[in-house]
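Asks: Pasting a structure here, questions to come.
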Amino acid sequence: MSSPYGLGASAARDRAALPRSDRFDAVDHCIAEWVERRPLPGNLRDAVRYAALGPGKRMRPRLVILSCEAVGGRCEDALIPAAAVELIHAFSLVHDDLPALDDDDLRRGRPTLHRRAGEAMAVLAGDAMLGLAVELVVRQMRPRTLAPAICEELILGCNDMIAGQVYDTLPEFDGAVPPIERLRLIHRNKTGALIRAACRMGALCGGAGEGELRAITGYGEAIGLMFQVVDDLLDVTQTTKHLGKTAGKDAEQNKLTFPAVVGLAASRAEVRRLQEASLALLEPLGETAAGLRELCEYLAVRTK
Ligand code: IPE
Ligand code: IPE
Ligand code: MG
Ligand code: MG
Ligand code: MG
C-alpha cells in the first residue's frame with residue numbers, strides 16, 4: 001500500500017528502517033537556514049549544526065507535520081514548530097550526554113558534542129538551541145497570532161522535559177511512591193512531554209477543533225510514553241554499533257527503566273498496549289490521520 005506520508009511500501013518491507021522523505025527534509029533546511037542567519041560565534045554555530053543536523057530520526061518534527069495534516073492542515077504551516085521542537089530535542093540530547101548527566105561518548109554514531117567540542121561548548125550550545133527555538137517561533141511563526149500558543153506548548157514541553165531529567169538523574173521521591181509510578185512520572189516528563197507538545201503544536205497549526213486537539217493530545221501522550229519504553233528496551237536488546245549510542249548504559253547507571261522494573265516481556269506488552277491505545281485515540285480523525293497511524297506502528301517496532 002503506498003502512502004502520501006513517506007512511510008508506506010518500504011516501511012512494510014523493512015519496519016526497522018525509517019525512510020526519508022523530501023517533505024520532512026524541509027525541516028532540516030529550515031533549521032540550517034535559521035542557524036546560518038543568526039549572528040552566532042563561528043564555533044557555536046558549528047556546534048549547533050553538529051548537534052541539530054546530525055543523523056537522527058527527526059521523529060518530533062514528523063509528529064508536528066503529521067498532526068497538522070491529521071486535522072486537515074498543510075505541511076508547510078507546521079514547519080516552524082517542527083524545526084523548533086527538533087532544536088529543543090537536540091538541546092536535550094546534548095545535555096543528557098554530559099558527564100554530569102548520563103556521561104555518554106557516543107550519539108548518533110558519532111562522538112557526543114562534549115567529546116568533540118568540549119564540555120563548555122556543549123553546555124552553551126544546548127542553551128543556544130533552546131534560545132534559537134523560541135526565537136524562531138516568536139519571529140517566524142505564521143500566522144503571527146498563533147505564535148503565543150505555539151510558544152506556550154513548546155516551553156511547557158521543554159520545562160517538563162527538564163523536570164523529567166531531574167527525576168531521572170537527581171530523584172527526590174517519597175519512599176512510599178512505588179517504582180512503577182516513579183517510572184511513569186520520569187518517562188512522561190523526560191520524553192513524553194516534548195512528544196505530546198509536538199503533536200499539539202501540529203494540531204494547533206492545522207486549526208484543530210476541541211475534539212481533534214483532545215484526540216491528538218491523547219495520542220501524543222500514549223506514543224510519548226511508548227517511545228521511552230522502546231528506548232529502554234533497545235538499550236538492553238541492541239548493540240552499540242546498531243544504536244549509534246552506548247548500549248547497556250541504563251543498567252550500568254542503575255537507571256529506573258521498564259525492563260529493570262517489570263522485565264522484558266511485560267515491557268513489550270506495555271509497548272503493545274500503548275500502541276493500541278494510540279491507534280484507538282486516532283479513530284475519530286479518520287483517513288487524515290493515516291500518517292500518524294503509520295508512524296505509531298513504526299515507533300512500536302523500531303530497532304534504533
Ligand atoms: C533519544 O531520542 C532520546 C529519547 C528521548 C529517548 P531519539 O531516539 O528520537 O533520538 P534521535 O533524535 O533519533 O537521535
Ligand atoms: C533521554 O533519555 C531523555 C532526554 C530528555 C534526552 P535517555 O537518557 O534514555 O536517552 P538516550 O538513551 O541517552 O538517548
Ligand atoms: Mg538520560
Ligand atoms: Mg541518555
Ligand atoms: Mg535511553
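Labels used: A, B, ... for chains in the order of the C-alpha cells, numbers from 1 for residues in each chain, and numbers from 1 for ligands as shown.
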From a backbone DSSP assignment, name each residue in range 19-194 of chain A labelled strand (DSSP E), as a ChimeraX atom specification.
Replies: /A:106-107,110-111
Asks: Residues at most 10 Å from ligand 1, using only C-alpha atoms and all ligand atoms? Could they come as a ChimeraX atom specification?
Replies: /A:51-60,86,89-90,92-93,96,107-109,161,187,189-195,224-232,234-235,243-245,299,302-304
Asks: Write out as a Markdown table the residues of chain A that have any atom within 9 Å of an atom of ligand 3, one row each with the nearest atom pair and its distance in Å to one decimal, counting only C-alpha atoms and all ligand atoms, sorted by chain and then rising number.
Replies:
```
| residue | atom | partner | partner_atom_place_in_ligand_line | distance |
| --- | --- | --- | --- | --- |
| A:Leu93 | CA | ligand 3 | 1 (Mg) | 8.1 |
| A:His95 | CA | ligand 3 | 1 (Mg) | 8.9 |
| A:Asp96 | CA | ligand 3 | 1 (Mg) | 5.1 |
| A:Asp97 | CA | ligand 3 | 1 (Mg) | 7.2 |
| A:Leu101 | CA | ligand 3 | 1 (Mg) | 6.8 |
| A:Asp102 | CA | ligand 3 | 1 (Mg) | 5.4 |
| A:Asp103 | CA | ligand 3 | 1 (Mg) | 9.0 |
| A:Gln165 | CA | ligand 3 | 1 (Mg) | 6.7 |
| A:Asp168 | CA | ligand 3 | 1 (Mg) | 6.9 |
| A:Thr169 | CA | ligand 3 | 1 (Mg) | 7.4 |
| A:Lys190 | CA | ligand 3 | 1 (Mg) | 8.2 |
| A:Asp250 | CA | ligand 3 | 1 (Mg) | 8.4 |
| A:Lys255 | CA | ligand 3 | 1 (Mg) | 8.6 |
```
Asks: Give me, please, the distance in Å between CA of Cys30 in chain A and CA of Gly291 in chain A, quoted to one decimal.
Replies: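 Taking CA of Cys30 in chain A and CA of Gly291 in chain A, their separation equals 21.6 Å.
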Asks: Between CA of Ala251 in chain A and CA of Thr112 in chain A, what is the distance in Å, rounded to a tenth?
Replies: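 That distance, rounded to one decimal, is 20.2 Å.
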Asks: Find the spatial neighbours of Gly73 in chain A, counting only C-alpha atoms, within a cut-off of 10 Å - ignore same-chain residues fewer than 5 positions away - and output them as a tab-separated table (two decimals) with C-alpha atoms, in the first residue's frame.
Replies:
```tsv
chain	number	residue	atom	x	y	z
A	65	ILE	CA	3.70	17.83	10.49
A	66	LEU	CA	1.58	14.68	10.57
A	67	SER	CA	-0.55	16.04	13.42
A	68	CYS	CA	-1.19	19.19	11.41
A	78	ALA	CA	3.74	23.31	10.63
A	202	GLY	CA	0.91	20.38	14.83
A	203	ALA	CA	-2.79	20.16	15.63
A	204	LEU	CA	-2.90	23.87	16.52
A	205	CYS	CA	-1.19	24.76	13.22
A	206	GLY	CA	-3.81	22.73	11.40
A	207	GLY	CA	-6.66	24.62	13.10
A	208	ALA	CA	-7.84	21.66	15.20
A	288	THR	CA	-6.40	12.17	7.50
```
Asks: Quick one: residues within 8 Å of range 42-50 of chain A, only C-alpha atoms, excluding same-chain residues fewer than 3 positions away - as a list in words?
Replies: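 Neighbouring residues, sequence-local ones excluded: Ala32, Val35, Glu36, Leu53, Gly54, Leu113, Ala117, Met121, Ala122, Leu124, Ala125, Gly126, Ala128 and Met129 of chain A.
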Asks: Would you save the residues from that selection as a JSON list (two decimals), in the first residue's frame, using all heavy atoms?
Replies:
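Written file, out39.json:
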```json
[["chain", "number", "residue", "atom", "x", "y", "z"],
["A", 32, "ALA", "N", 18.81, 24.70, 9.31],
["A", 32, "ALA", "CA", 20.12, 25.12, 8.78],
["A", 32, "ALA", "C", 20.10, 26.61, 8.41],
["A", 32, "ALA", "O", 21.02, 27.37, 8.74],
["A", 32, "ALA", "CB", 20.47, 24.28, 7.56],
["A", 35, "VAL", "N", 19.96, 28.83, 11.63],
["A", 35, "VAL", "CA", 21.25, 28.86, 12.33],
["A", 35, "VAL", "C", 22.24, 29.72, 11.55],
["A", 35, "VAL", "O", 23.05, 30.45, 12.12],
["A", 35, "VAL", "CB", 21.78, 27.41, 12.54],
["A", 35, "VAL", "CG1", 23.19, 27.41, 13.06],
["A", 35, "VAL", "CG2", 20.85, 26.64, 13.49],
["A", 36, "GLU", "N", 22.14, 29.67, 10.23],
["A", 36, "GLU", "CA", 23.02, 30.46, 9.36],
["A", 36, "GLU", "C", 22.75, 31.96, 9.52],
["A", 36, "GLU", "O", 23.67, 32.77, 9.53],
["A", 36, "GLU", "CB", 22.76, 30.03, 7.91],
["A", 36, "GLU", "CG", 23.88, 30.30, 6.93],
["A", 36, "GLU", "CD", 25.22, 29.78, 7.42],
["A", 36, "GLU", "OE1", 25.28, 28.61, 7.84],
["A", 36, "GLU", "OE2", 26.19, 30.56, 7.41],
["A", 53, "LEU", "N", 21.72, 18.92, 13.35],
["A", 53, "LEU", "CA", 21.56, 18.42, 11.97],
["A", 53, "LEU", "C", 22.26, 17.08, 11.76],
["A", 53, "LEU", "O", 22.41, 16.63, 10.63],
["A", 53, "LEU", "CB", 22.08, 19.48, 10.97],
["A", 53, "LEU", "CG", 21.27, 20.79, 11.00],
["A", 53, "LEU", "CD1", 21.98, 21.89, 10.23],
["A", 53, "LEU", "CD2", 19.87, 20.58, 10.45],
["A", 54, "GLY", "N", 22.66, 16.43, 12.83],
["A", 54, "GLY", "CA", 23.29, 15.11, 12.73],
["A", 54, "GLY", "C", 22.27, 14.05, 12.33],
["A", 54, "GLY", "O", 21.07, 14.33, 12.22],
["A", 113, "LEU", "N", 28.69, 15.75, 21.58],
["A", 113, "LEU", "CA", 29.21, 17.11, 21.35],
["A", 113, "LEU", "C", 30.31, 17.46, 22.35],
["A", 113, "LEU", "O", 31.33, 18.06, 21.98],
["A", 113, "LEU", "CB", 28.07, 18.14, 21.39],
["A", 113, "LEU", "CG", 28.51, 19.56, 21.06],
["A", 113, "LEU", "CD1", 29.14, 19.67, 19.67],
["A", 113, "LEU", "CD2", 27.34, 20.53, 21.18],
["A", 117, "ALA", "N", 33.71, 18.90, 21.11],
["A", 117, "ALA", "CA", 33.98, 20.34, 21.21],
["A", 117, "ALA", "C", 34.24, 20.80, 22.64],
["A", 117, "ALA", "O", 34.46, 21.98, 22.87],
["A", 117, "ALA", "CB", 32.80, 21.12, 20.62],
["A", 121, "MET", "N", 31.47, 24.11, 25.59],
["A", 121, "MET", "CA", 30.72, 24.36, 24.34],
["A", 121, "MET", "C", 29.43, 23.55, 24.32],
["A", 121, "MET", "O", 28.39, 24.02, 23.83],
["A", 121, "MET", "CB", 31.60, 24.02, 23.12],
["A", 121, "MET", "CG", 30.91, 24.31, 21.80],
["A", 121, "MET", "SD", 30.28, 26.01, 21.65],
["A", 121, "MET", "CE", 31.76, 26.86, 21.10],
["A", 122, "ALA", "N", 29.46, 22.33, 24.86],
["A", 122, "ALA", "CA", 28.23, 21.51, 24.86],
["A", 122, "ALA", "C", 27.16, 22.16, 25.74],
["A", 122, "ALA", "O", 25.98, 22.20, 25.36],
["A", 122, "ALA", "CB", 28.54, 20.10, 25.34],
["A", 124, "LEU", "N", 26.90, 25.36, 26.42],
["A", 124, "LEU", "CA", 26.46, 26.61, 25.79],
["A", 124, "LEU", "C", 25.67, 26.35, 24.50],
["A", 124, "LEU", "O", 24.71, 27.07, 24.21],
["A", 124, "LEU", "CB", 27.68, 27.51, 25.51],
["A", 124, "LEU", "CG", 28.37, 27.98, 26.81],
["A", 124, "LEU", "CD1", 29.72, 28.61, 26.52],
["A", 124, "LEU", "CD2", 27.48, 28.95, 27.58],
["A", 125, "ALA", "N", 26.06, 25.34, 23.75],
["A", 125, "ALA", "CA", 25.31, 25.02, 22.52],
["A", 125, "ALA", "C", 23.90, 24.54, 22.88],
["A", 125, "ALA", "O", 22.93, 24.87, 22.20],
["A", 125, "ALA", "CB", 26.05, 23.97, 21.70],
["A", 126, "GLY", "N", 23.79, 23.77, 23.96],
["A", 126, "GLY", "CA", 22.46, 23.36, 24.42],
["A", 126, "GLY", "C", 21.62, 24.58, 24.77],
["A", 126, "GLY", "O", 20.47, 24.71, 24.33],
["A", 128, "ALA", "N", 22.01, 27.56, 23.70],
["A", 128, "ALA", "CA", 21.74, 28.33, 22.47],
["A", 128, "ALA", "C", 20.58, 27.71, 21.68],
["A", 128, "ALA", "O", 19.74, 28.44, 21.13],
["A", 128, "ALA", "CB", 22.99, 28.39, 21.60],
["A", 129, "MET", "N", 20.52, 26.38, 21.63],
["A", 129, "MET", "CA", 19.44, 25.74, 20.85],
["A", 129, "MET", "C", 18.08, 26.02, 21.46],
["A", 129, "MET", "O", 17.09, 26.18, 20.74],
["A", 129, "MET", "CB", 19.72, 24.24, 20.70],
["A", 129, "MET", "CG", 20.86, 23.99, 19.73],
["A", 129, "MET", "SD", 21.08, 22.26, 19.30],
["A", 129, "MET", "CE", 22.00, 21.66, 20.69]]
```
Asks: Could you write out, as a PyMOL selection string, all the residues of range 103-281 of chain A that DSSP marks as helix (DSSP H, G or I)?
Replies: chain A and resi 113-117+119-140+144-169+179-205+210-237+240-243+249-252+258-262+264-281
